[in-house]
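Structure below is upload.txt: compact mmCIF, C-alpha atoms.
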# COMPACT_ATOMS: atom_id res chain seq x y z
CA MET A 217 11.01 -39.93 21.34
CA ASN A 218 12.16 -43.38 22.35
CA ALA A 219 14.20 -43.84 19.21
CA GLY A 220 16.09 -40.63 19.95
CA PRO A 221 18.31 -41.61 22.91
CA ALA A 222 18.78 -45.12 21.56
CA GLY A 223 19.83 -43.76 18.19
CA ASP A 224 22.23 -41.29 19.75
CA GLY A 225 23.79 -43.97 21.87
CA ALA A 226 24.23 -46.39 18.99
CA ALA A 227 25.56 -43.70 16.68
CA ALA A 228 27.97 -42.49 19.34
CA GLY A 229 29.48 -45.95 19.71
CA PRO A 230 31.23 -46.37 16.35
CA ALA A 231 31.67 -42.63 15.70
CA GLU A 232 33.73 -41.88 18.79
CA PRO A 233 37.26 -43.16 19.27
CA VAL A 234 37.32 -46.69 20.58
CA GLU A 235 37.22 -46.56 24.33
CA PRO A 236 36.24 -49.61 26.31
CA VAL A 237 34.93 -47.45 29.14
CA GLU A 238 32.41 -45.86 26.81
CA SER A 239 30.62 -49.01 25.76
CA PRO A 240 28.59 -49.73 28.91
CA GLU A 241 27.40 -46.16 29.12
CA PRO A 242 25.20 -46.00 26.04
CA GLU A 243 23.75 -49.35 26.93
CA ALA A 244 22.82 -48.12 30.38
CA ALA A 245 21.30 -45.03 28.82
CA GLN A 246 19.31 -47.24 26.48
CA THR A 247 17.89 -49.41 29.21
CA VAL A 248 16.88 -46.34 31.18
CA ALA A 249 15.27 -44.84 28.11
CA GLY A 250 13.55 -48.11 27.32
CA SER A 251 12.03 -48.55 30.74
CA GLY A 252 11.04 -44.91 30.85
CA VAL A 253 9.14 -45.15 27.59
CA ALA A 254 7.59 -48.51 28.28
CA GLY A 255 6.42 -47.50 31.69
CA GLY A 256 2.87 -46.48 30.76
CA PRO A 257 0.96 -49.02 32.81
CA GLU A 258 3.50 -50.65 35.10
CA VAL A 259 3.03 -54.20 33.90
CA GLU A 260 5.90 -56.63 33.67
CA GLN A 261 6.29 -58.85 30.65
CA ASP A 262 4.25 -61.98 31.02
CA PRO A 263 5.66 -65.06 29.28
CA LYS A 264 2.16 -66.52 29.01
CA ALA A 265 0.54 -63.39 27.61
CA ARG A 266 -1.92 -64.36 24.92
CA GLY A 267 -2.94 -62.52 21.83
CA PRO A 268 -6.46 -62.29 20.52
CA ARG A 269 -8.29 -65.47 19.59
CA SER A 270 -9.69 -65.79 16.11
CA PRO A 271 -13.52 -65.95 16.06
CA ARG A 272 -13.36 -68.87 13.56
CA THR A 273 -16.29 -67.59 11.57
CA ALA A 274 -15.44 -69.14 8.21
CA PRO A 275 -14.91 -72.76 9.34
CA ALA A 276 -17.97 -72.54 11.57
CA PHE A 277 -19.96 -71.26 8.59
CA LEU A 278 -18.89 -74.21 6.44
CA THR A 279 -19.69 -76.67 9.22
CA VAL A 280 -23.11 -75.16 9.84
CA LEU A 281 -23.82 -75.16 6.11
CA ALA A 282 -22.93 -78.86 5.87
CA VAL A 283 -25.14 -79.66 8.87
CA LEU A 284 -27.98 -77.66 7.37
CA VAL A 285 -27.79 -79.42 4.00
CA LEU A 286 -27.44 -82.93 5.45
CA ALA A 287 -29.99 -82.58 8.24
CA GLY A 288 -32.41 -80.62 6.08
CA GLY A 289 -32.28 -83.11 3.22
CA LEU A 290 -32.65 -86.08 5.51
CA LEU A 291 -35.50 -84.43 7.41
CA TYR A 292 -37.33 -83.69 4.19
CA ASP A 293 -37.02 -87.27 3.02
CA VAL A 294 -37.88 -88.87 6.37
CA ILE A 295 -41.05 -86.82 6.55
CA ALA A 296 -41.85 -87.62 2.93
CA VAL A 297 -41.52 -91.36 3.59
CA ARG A 298 -43.55 -91.10 6.81
CA SER A 299 -46.38 -89.46 4.91
CA GLY A 300 -46.51 -92.21 2.32
CA PHE A 301 -44.18 -91.15 -0.51
CA ALA A 302 -41.29 -93.23 -1.78
CA ALA A 303 -37.80 -92.59 -0.47
CA ALA A 304 -35.60 -90.38 -2.61
CA PRO A 305 -33.16 -92.26 -4.88
CA TRP A 306 -30.11 -90.97 -3.01
CA ARG A 307 -31.39 -92.32 0.29
CA ALA A 308 -32.22 -95.72 -1.16
CA ARG A 309 -28.73 -95.81 -2.64
CA VAL A 310 -27.07 -94.91 0.66
CA ALA A 311 -29.14 -97.50 2.54
CA HIS A 312 -28.21 -100.12 -0.06
CA GLU A 313 -24.49 -99.32 0.15
CA LEU A 314 -24.57 -99.42 3.94
CA ALA A 315 -26.32 -102.78 3.82
CA VAL A 316 -23.75 -104.24 1.38
CA ARG A 317 -20.38 -102.85 2.38
CA GLY A 318 -18.59 -103.80 5.57
CA PRO A 319 -15.91 -101.81 7.40
CA ASP A 320 -13.14 -103.47 5.38
CA ASP A 321 -14.48 -102.16 2.06
CA PRO A 322 -11.84 -99.83 0.53
CA TRP A 323 -14.36 -97.08 -0.07
CA VAL A 324 -15.58 -97.27 3.48
CA LEU A 325 -12.00 -97.21 4.80
CA ALA A 326 -11.14 -94.22 2.62
CA GLY A 327 -14.25 -92.41 3.80
CA ALA A 328 -13.40 -93.14 7.43
CA GLY A 329 -9.86 -91.85 6.89
CA VAL A 330 -11.18 -88.62 5.38
CA ALA A 331 -13.60 -88.25 8.29
CA VAL A 332 -10.78 -88.64 10.82
CA VAL A 333 -8.59 -86.09 9.05
CA LEU A 334 -11.44 -83.61 8.66
CA GLY A 335 -12.47 -84.07 12.28
CA ALA A 336 -8.91 -83.56 13.47
CA LEU A 337 -8.74 -80.33 11.44
CA LEU A 338 -11.97 -79.09 13.01
CA LEU A 339 -10.72 -79.97 16.50
CA TRP A 340 -7.46 -78.18 15.82
CA GLY A 341 -9.41 -75.14 14.66
CA ALA A 342 -11.57 -75.29 17.76
CA PHE A 343 -8.75 -75.36 20.28
CA SER A 344 -5.89 -73.42 18.69
CA ALA A 345 -5.73 -69.70 19.30
CA GLY A 346 -5.56 -68.45 15.73
CA ALA A 347 -5.04 -64.75 14.94
CA ARG A 348 -1.31 -65.40 15.01
CA ARG A 349 -0.76 -62.25 13.06
CA TRP A 350 -1.23 -60.12 16.18
CA LEU A 351 1.13 -59.88 19.13
CA PRO A 352 -0.36 -58.66 22.41
CA LEU A 353 0.94 -55.41 23.83
CA ARG A 354 1.22 -54.53 27.49
CA GLU A 355 -1.85 -52.30 27.40
CA PRO A 356 -4.89 -54.57 27.80
CA GLY A 357 -6.75 -54.93 24.51
CA ALA A 358 -3.90 -53.57 22.38
CA VAL A 359 -2.12 -55.69 19.79
CA ILE A 360 0.46 -55.07 17.11
CA ASP A 361 0.94 -56.63 13.72
CA ARG A 362 3.94 -58.99 13.58
CA SER A 363 5.02 -57.60 10.24
CA GLY A 364 4.66 -54.12 11.73
CA VAL A 365 7.24 -55.01 14.37
CA ALA A 366 9.43 -56.33 11.57
CA VAL A 367 9.16 -53.04 9.68
CA LEU A 368 10.10 -50.99 12.75
CA ILE A 369 13.17 -53.17 13.36
CA ALA A 370 14.15 -53.17 9.69
CA VAL A 371 13.89 -49.39 9.40
CA ARG A 372 16.07 -48.96 12.47
CA ALA A 373 18.59 -51.49 11.18
CA ALA A 374 18.81 -49.77 7.80
CA GLU A 375 19.77 -46.54 9.55
CA LEU A 376 22.82 -48.08 11.21
CA PRO A 377 26.16 -47.23 9.64
CA GLY A 378 27.49 -49.85 7.25
CA VAL A 379 24.26 -51.79 6.86
CA GLN A 380 23.52 -52.72 3.26
CA GLY A 381 20.56 -55.02 3.57
CA THR A 382 18.24 -56.35 6.25
CA ARG A 383 15.71 -59.11 6.48
CA VAL A 384 13.57 -59.30 9.56
CA ARG A 385 11.26 -62.10 10.54
CA VAL A 386 9.11 -61.81 13.63
CA VAL A 387 7.45 -64.85 15.13
CA ARG A 388 5.55 -65.08 18.37
CA ARG A 389 8.50 -65.22 20.74
CA ARG A 390 11.46 -64.43 18.55
CA THR A 391 12.74 -61.85 16.13
CA VAL A 392 15.37 -62.93 13.65
CA VAL A 393 17.29 -60.16 11.91
CA ARG A 394 19.67 -60.90 9.06
CA VAL A 395 21.95 -57.97 8.37
CA THR A 396 24.26 -57.74 5.39
CA GLY A 397 27.15 -55.34 5.43
CA ALA A 398 30.42 -54.47 7.06
CA VAL A 399 29.07 -53.75 10.52
CA ASP A 400 29.98 -54.35 14.12
CA PRO A 401 27.65 -57.18 15.20
CA ALA A 402 27.66 -56.06 18.82
CA ALA A 403 26.64 -52.52 17.92
CA VAL A 404 23.85 -53.76 15.66
CA GLN A 405 22.66 -56.11 18.36
CA ARG A 406 22.67 -53.30 20.94
CA ALA A 407 20.80 -50.85 18.76
CA LEU A 408 18.18 -53.37 17.63
CA ARG A 409 17.71 -54.74 21.13
CA ALA A 410 16.94 -51.22 22.32
CA GLU A 411 14.53 -50.75 19.42
CA LEU A 412 12.76 -54.03 20.18
CA ALA A 413 12.63 -53.23 23.90
CA ALA A 414 10.98 -49.91 23.05
CA ILE A 415 8.01 -51.82 21.63
CA PRO A 416 5.91 -52.67 24.67
CA LEU A 417 5.20 -56.30 23.82
CA ALA A 418 3.34 -58.20 26.52
CA ALA A 419 5.35 -61.39 26.09
CA PRO A 420 9.15 -61.43 25.98
CA ASN A 421 10.52 -61.55 22.47
CA ARG A 422 14.05 -62.77 21.89
CA LEU A 423 16.27 -60.97 19.41
CA ASP A 424 18.52 -62.98 17.15
CA VAL A 425 20.89 -60.96 14.96
CA ARG A 426 22.87 -62.67 12.23
CA VAL A 427 25.42 -60.60 10.41
CA ARG A 428 26.82 -61.54 7.03
CA ALA A 429 29.67 -59.60 5.54
CA GLY A 430 28.13 -58.10 2.44
CA ARG A 431 29.50 -57.22 -0.95
CA PRO A 432 31.82 -54.21 -1.22
CA ALA A 433 30.14 -50.83 -1.10
CA HIS A 434 29.98 -50.50 -4.90
CA PRO A 435 28.15 -53.30 -6.68
CA HIS A 436 30.59 -55.63 -8.36
CA ARG A 437 28.99 -55.37 -11.77
CA HIS A 438 29.61 -51.66 -12.14
CA GLY A 439 33.21 -52.07 -11.16
CA GLY A 440 33.60 -54.89 -13.64
CA LEU A 441 32.26 -52.79 -16.49
CA GLU A 442 34.27 -49.70 -15.75
CA GLU A 443 37.53 -51.21 -14.75
CA PRO A 444 38.51 -52.74 -18.13
CA ALA A 445 37.53 -49.49 -19.82
CA GLY A 446 40.17 -47.55 -17.88
CA PRO A 447 43.26 -49.64 -18.63
CA SER A 448 42.27 -50.25 -22.27
CA ARG A 449 41.94 -46.56 -22.84
CA GLY A 450 45.22 -46.06 -21.07
CA ALA A 451 46.88 -48.65 -23.29
CA ALA A 452 45.53 -47.07 -26.46
CA SER A 453 46.82 -43.59 -25.67
CA MET B 284 -21.28 -67.07 25.41
CA SER B 285 -19.46 -64.97 22.90
CA ARG B 286 -19.77 -65.60 19.20
CA GLY B 287 -16.24 -66.97 19.04
CA ALA B 288 -16.98 -69.42 21.84
CA VAL B 289 -20.15 -70.62 20.02
CA ASN B 290 -18.18 -71.13 16.81
CA ARG B 291 -15.44 -73.03 18.57
CA THR B 292 -17.98 -75.26 20.32
CA ILE B 293 -19.61 -76.06 16.97
CA LEU B 294 -16.22 -76.95 15.50
CA ALA B 295 -15.23 -79.04 18.52
CA VAL B 296 -18.46 -81.08 18.57
CA ALA B 297 -18.45 -81.67 14.80
CA GLY B 298 -14.75 -82.56 14.85
CA ALA B 299 -15.13 -84.95 17.79
CA LEU B 300 -18.06 -86.74 16.11
CA LEU B 301 -16.17 -87.09 12.82
CA VAL B 302 -13.02 -88.38 14.51
CA ALA B 303 -14.92 -90.82 16.72
CA GLY B 304 -16.99 -92.21 13.84
CA GLY B 305 -14.01 -92.46 11.52
CA LEU B 306 -11.87 -94.19 14.14
CA LEU B 307 -14.65 -96.71 14.90
CA VAL B 308 -14.91 -97.67 11.23
CA LEU B 309 -11.13 -97.76 10.78
CA ALA B 310 -10.68 -99.93 13.87
CA GLY B 311 -13.29 -102.38 12.60
CA GLY B 312 -12.10 -102.36 9.01
CA LEU B 313 -8.41 -102.78 9.81
CA ASP B 314 -9.27 -105.42 12.40
CA LEU B 315 -7.41 -103.55 15.12
CA TYR B 316 -9.34 -105.16 17.98
CA ARG B 317 -8.09 -108.65 17.15
CA ARG B 318 -4.56 -107.53 16.29
CA LEU B 319 -4.17 -105.61 19.51
CA GLY B 320 -5.88 -108.32 21.52
CA LEU B 321 -8.64 -106.01 22.74
CA SER B 322 -11.94 -107.47 23.84
CA MET B 323 -14.61 -104.83 23.55
CA PRO B 324 -17.87 -104.81 25.55
CA ALA B 325 -20.79 -106.74 24.09
CA GLY B 326 -22.66 -103.91 22.40
CA TRP B 327 -19.56 -102.30 20.75
CA PRO B 328 -20.32 -101.45 17.13
CA LEU B 329 -18.38 -102.46 14.01
CA THR B 330 -16.17 -105.10 15.53
CA ALA B 331 -16.58 -107.55 12.65
CA ARG B 332 -14.66 -106.68 9.50
CA THR B 333 -17.05 -108.02 6.92
CA ARG B 334 -20.42 -107.50 8.52
CA PRO B 335 -22.24 -104.66 6.70
CA LEU B 336 -22.22 -101.26 8.36
CA LEU B 337 -25.98 -101.22 8.60
CA GLY B 338 -27.51 -104.48 7.44
CA VAL B 339 -31.12 -104.98 6.56
CA ALA B 340 -31.77 -106.88 9.77
CA ALA B 341 -30.12 -104.25 11.94
CA ARG B 342 -32.08 -101.51 10.23
CA ALA B 343 -35.33 -103.34 10.74
CA ARG B 344 -34.51 -103.86 14.41
CA VAL B 345 -33.67 -100.19 14.99
CA ALA B 346 -36.65 -98.87 13.06
CA GLY B 347 -38.91 -101.36 14.81
CA HIS B 348 -38.98 -99.29 17.98
CA SER B 349 -41.98 -97.06 18.11
CA TRP B 350 -39.89 -94.13 19.36
CA TRP B 351 -37.27 -94.30 16.62
CA TRP B 352 -38.73 -92.10 13.89
CA PRO B 353 -40.09 -89.38 16.22
CA VAL B 354 -36.66 -89.14 17.83
CA VAL B 355 -34.90 -88.99 14.46
CA ILE B 356 -37.25 -86.27 13.26
CA ALA B 357 -36.90 -84.29 16.48
CA VAL B 358 -33.10 -84.42 16.33
CA LEU B 359 -33.07 -83.36 12.68
CA VAL B 360 -35.49 -80.52 13.38
CA LEU B 361 -33.29 -79.29 16.23
CA LEU B 362 -30.21 -79.42 14.00
CA VAL B 363 -31.92 -77.49 11.22
CA ILE B 364 -33.30 -74.88 13.62
CA GLY B 365 -29.90 -74.49 15.27
CA ALA B 366 -28.15 -74.04 11.94
CA LEU B 367 -30.70 -71.46 10.78
CA ALA B 368 -30.41 -69.59 14.09
CA TRP B 369 -26.64 -69.48 13.73
CA LEU B 370 -26.91 -68.11 10.20
CA ALA B 371 -29.46 -65.52 11.31
CA ALA B 372 -27.14 -64.41 14.12
CA GLN B 373 -24.37 -63.86 11.58
CA LEU B 374 -26.58 -61.67 9.43
CA ARG B 375 -27.67 -59.53 12.35
CA ARG B 376 -25.83 -56.26 12.66
CA THR B 377 -22.99 -56.56 15.09
CA ARG B 378 -22.55 -52.87 15.83
CA SER B 379 -25.38 -50.85 17.12
CA GLY B 380 -25.61 -47.56 15.30
CA SER B 381 -25.88 -45.60 18.49
CA LEU B 382 -24.77 -45.63 22.08
CA GLU B 383 -27.48 -45.48 24.68
CA LEU B 384 -26.36 -43.88 27.89
CA ALA B 385 -28.73 -44.45 30.78
CA PRO B 386 -28.36 -43.66 34.51
CA PRO B 387 -26.83 -46.96 35.63
CA LEU B 388 -24.16 -46.60 32.98
CA ALA B 389 -23.76 -42.82 32.85
CA ALA B 390 -24.85 -39.75 34.74
CA THR B 391 -27.57 -38.68 32.31
CA ALA B 392 -29.80 -40.41 29.80
CA LEU B 393 -28.39 -39.74 26.36
CA LEU B 394 -28.41 -41.25 22.92
CA VAL B 395 -25.15 -40.72 21.08
CA ARG B 396 -24.68 -41.72 17.51
CA GLY B 397 -21.89 -44.24 17.21
CA ARG B 398 -20.55 -42.49 14.13
CA ALA B 399 -20.08 -39.31 16.15
CA VAL B 400 -17.96 -41.09 18.75
CA GLU B 401 -15.98 -42.82 16.02
CA ASP B 402 -15.30 -39.53 14.23
CA VAL B 403 -14.05 -37.87 17.40
CA VAL B 404 -11.75 -40.77 18.25
CA GLU B 405 -10.41 -40.90 14.71
CA ALA B 406 -9.73 -37.16 14.55
CA ALA B 407 -7.97 -37.13 17.91
CA THR B 408 -5.91 -40.24 17.17
CA VAL B 409 -4.74 -39.20 13.74
CA ALA B 410 -3.30 -36.06 15.35
CA LEU B 411 -0.99 -38.13 17.56
CA PRO B 412 2.63 -38.24 16.45
CA GLY B 413 3.63 -41.07 14.14
CA VAL B 414 0.07 -41.97 13.11
CA GLU B 415 -0.61 -42.40 9.43
CA ARG B 416 -4.17 -43.67 9.35
CA VAL B 417 -6.91 -44.53 11.83
CA SER B 418 -10.28 -46.15 11.67
CA ALA B 419 -12.40 -46.42 14.79
CA GLN B 420 -15.52 -48.39 15.50
CA LEU B 421 -17.87 -48.37 18.43
CA GLY B 422 -18.94 -51.88 19.33
CA GLY B 423 -19.55 -54.25 22.17
CA PRO B 424 -22.77 -55.32 23.86
CA PRO B 425 -25.21 -52.58 24.96
CA GLY B 426 -24.04 -52.54 28.58
CA ALA B 427 -20.32 -52.55 27.84
CA PRO B 428 -19.35 -50.43 24.85
CA VAL B 429 -15.91 -50.85 23.32
CA VAL B 430 -13.96 -48.42 21.17
CA ARG B 431 -12.03 -50.41 18.58
CA ALA B 432 -9.35 -48.49 16.77
CA ALA B 433 -7.13 -49.77 13.98
CA VAL B 434 -4.08 -47.55 13.75
CA ARG B 435 -1.42 -47.52 11.08
CA LEU B 436 1.86 -46.02 12.24
CA THR B 437 4.47 -44.48 10.02
CA THR B 438 7.73 -46.38 9.76
CA HIS B 439 9.21 -44.08 12.38
CA GLY B 440 6.24 -44.18 14.72
CA SER B 441 6.59 -45.47 18.24
CA PRO B 442 4.07 -48.02 19.55
CA ALA B 443 4.84 -47.13 23.16
CA GLU B 444 4.23 -43.47 22.54
CA LEU B 445 1.05 -44.25 20.66
CA LEU B 446 -0.35 -46.42 23.47
CA GLU B 447 0.40 -43.71 25.98
CA GLY B 448 -0.94 -40.97 23.73
CA PHE B 449 -4.10 -42.87 22.91
CA ARG B 450 -4.83 -43.66 26.54
CA THR B 451 -4.27 -40.14 27.81
CA GLY B 452 -5.64 -38.40 24.70
CA PRO B 453 -8.55 -39.72 22.60
CA LEU B 454 -9.62 -42.44 25.03
CA ALA B 455 -9.50 -40.24 28.13
CA ARG B 456 -11.36 -37.47 26.34
CA THR B 457 -14.05 -39.84 25.06
CA ARG B 458 -14.49 -41.36 28.49
CA ARG B 459 -14.78 -37.96 30.06
CA SER B 460 -17.15 -36.46 27.55
CA LEU B 461 -19.44 -39.49 27.52
CA GLY B 462 -19.26 -39.84 31.30
CA LEU B 463 -18.15 -43.44 30.85
CA PRO B 464 -15.02 -43.96 32.95
CA THR B 465 -15.07 -47.69 32.22
CA LEU B 466 -15.29 -47.43 28.43
CA ARG B 467 -13.02 -50.16 27.11
CA SER B 468 -10.70 -49.84 24.14
CA GLU B 469 -9.12 -52.24 21.71
CA LEU B 470 -6.18 -51.10 19.63
CA ARG B 471 -4.77 -52.81 16.59
CA LEU B 472 -1.44 -51.37 15.52
CA ARG B 473 0.07 -51.80 12.13
CA VAL B 474 3.04 -50.13 10.54
CA ALA B 475 3.19 -48.70 7.05
CA PRO B 476 5.18 -50.96 4.76
CA GLN B 477 8.81 -50.07 4.47
CA ARG B 478 9.75 -48.33 1.26
CA ARG B 479 12.90 -50.00 0.09
CA PRO B 480 15.22 -47.62 -1.70
CA SER B 481 15.36 -49.08 -5.18
CA ARG B 482 18.88 -49.06 -6.55
CA ARG B 483 17.85 -48.44 -10.12
CA LYS B 484 16.27 -45.09 -9.44
CA GLN B 485 19.27 -43.69 -7.63
CA PRO B 486 21.19 -41.17 -9.72
CA ARG B 487 24.48 -42.49 -10.88
CA VAL B 488 27.38 -40.70 -9.24
CA ARG B 489 30.41 -40.27 -11.38
Please render this file's structure as structure tokens.
Amino acid sequence: MNAGPAGDGAAAGPAEPVEPVESPEPEAAQTVAGSGVAGGPEVEQDPKARGPRSPRTAPAFLTVLAVLVLAGGLLYDVIAVRSGFAAAPWRARVAHELAVRGPDDPWVLAGAGVAVVLGALLLWGAFSAGARRWLPLREPGAVIDRSGVAVLIAVRAAELPGVQGTRVRVVRRRTVVRVTGAVDPAAVQRALRAELAAIPLAAPNRLDVRVRAGRPAHPHRHGGLEEPAGPSRGAAS
Amino acid sequence: MSRGAVNRTILAVAGALLVAGGLLVLAGGLDLYRRLGLSMPAGWPLTARTRPLLGVAARARVAGHSWWWPVVIAVLVLLVIGALAWLAAQLRRTRSGSLELAPPLAATALLVRGRAVEDVVEAATVALPGVERVSAQLGGPPGAPVVRAAVRLTTHGSPAELLEGFRTGPLARTRRSLGLPTLRSELRLRVAPQRRPSRRKQPRVR
């Protein structure tokens, strides 16, 4: 339903004779249609709206597994030594290395570097939001796939007159549309802005349309193959 | 604390320990204290570049305390128990198979199979315009059930219309029929991949 008025307005622009007075009208109609559709729960766009946070199950699993193996192995050996058995070879080896190597040993330095990098990765995983694939919608608890937004925009763009190819990339706060074809950039921008505004995203998303004049309507290769055939035949007859 | 919060705490603690330990060793090994002119407090570890990380004398001194080994064993036991508890929590079923409605939550005591609720939500959602596929799950803790629906729209579907339709249709009906006006919902929208018109298949126009 929301695509209807927007589509009519955009299609009316290029189809009708060029009249400067006409151009604001479809845009006004679009904004009215957009706000009417988006007005489910009356929530304004919130620049700080956050999407879902990833539960971080896999990294936590690996960490817990490492803790279990290290602590379990050490516990087993400590208890074994306390009850009169000899220490396991690996523990004697570790104790020996620790007693021989100082902090300036290359192996120790390399190990410390790895520990810092690994720790930084874990900290990053702990504090970053994750789940970047989902954009929050205005309805609480509702999210939409970023590539889903891209598909909706790309489908709308492909319907516009003169458009030959589209590439859409949606990131958290920005949608970049690359359109190929002989099109009016302003009309494309208007139509796609209305389409993006019809998606009730919780955080504002900026639209960035880049138009590149495409190849002529018929692919060059076909023309190149047929064109010499015509004149040569003409010359022969 | 939610499961995500537990996981993130585990990651944060492990990461902080690794970074702190690694930085201590790096600072000692690269002799940063002397180069930066820092004088650390007396007990600061690993300030000397060449002194072993844990020499025989230091080990004997640490292990000489009567409390040392009991404390080590206790800490290791706690770590192992914690890790096993975490793993067990992962294996436990996250969704309860049924929804228990009792007087504080609903008007009458009732046991509803989760699958029944999910089926109803799925059937009502897939009938909304622009919906290609739906899968619903009933989840959440016992006192606060959540309907989670993953919806796939067609390429011409409208997210705004779907949100509105879902709220006034399947969700409202489920809330009403279960007598749960506060039933929460989580929606995940996706859109069917765009079918690009392939040029090769188009009939050649002469």
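Coordinates place CA of Gly338 in chain B at a distance of 26.3 Å from CA of Leu319 in chain B.
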So which one's closest to chain A, B:Ala427, B:Leu294, B:Leu361, B:Val400? Using all atoms listed in the file, please.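 Of all the options, B:Leu294 lies closest to chain A.
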Considering all atoms listed in the file, can you say which of B:Arg398, B:Pro453, B:Tyr316, B:Leu329 comes closest to chain A?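 Smallest distance to chain A is found for B:Leu329.
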Chain B contacts on chain A, only C-alpha atoms, 7 Å, as number ranges by chain: A: 253-254, 256, 271-273, 276, 280, 284, 287-288, 291, 314-320, 325, 328-329, 331-332, 335-336, 338-339, 342, 357-361, 364, 367-368, 371, 414-416
Interatomic distance, CA of Val429 in chain B to CA of Phe277 in chain A (Å, one decimal): 25.5 Å
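CA of Gly267 in chain A lies 20.6 Å from CA of Ser418 in chain B.
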Surrounding residues of Arg383 in chain A excluding itself and chain neighbours under 2 positions, 8 Å, all atoms listed in the file, as a ChimeraX atom specification: /A:370,381,385,393-395
Since we have the selection now, will you write its residues out, keeping C-alpha atoms, as a PDB file, in the frame of the given file?
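Output saved as out-v7.pdb:
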ATOM      1  CA  ALA A 370      14.150 -53.170   9.690  1.00  0.00           C
ATOM      2  CA  GLY A 381      20.560 -55.020   3.570  1.00  0.00           C
ATOM      3  CA  ARG A 385      11.260 -62.100  10.540  1.00  0.00           C
ATOM      4  CA  VAL A 393      17.290 -60.160  11.910  1.00  0.00           C
ATOM      5  CA  ARG A 394      19.670 -60.900   9.060  1.00  0.00           C
ATOM      6  CA  VAL A 395      21.950 -57.970   8.370  1.00  0.00           C
TER       7      VAL A 395
END
Show which residues sit within 10 Å of Ala304 in chain A, as a PyMOL selection string. Count all atoms listed in the file, and ignore same-chain residues fewer than 2 positions away. chain A and resi 289-290+292-294+296-297+301-302+306-309
Could you give me, as number ranges by chain, the residues within 12 Å of Pro263 in chain A, counting all atoms listed in the file and dropping anything in the same chain fewer than 4 positions from it? A: 267, 352, 354, 388-389, 417-422
Residues proximal to (-10.0, -42.7, 15.2) were defined as those with any atom within 7 Å of that point in the file's coordinates, counting all atoms listed in the file. Which are they, as a ChimeraX atom specification? /B:401-409,417-419,432
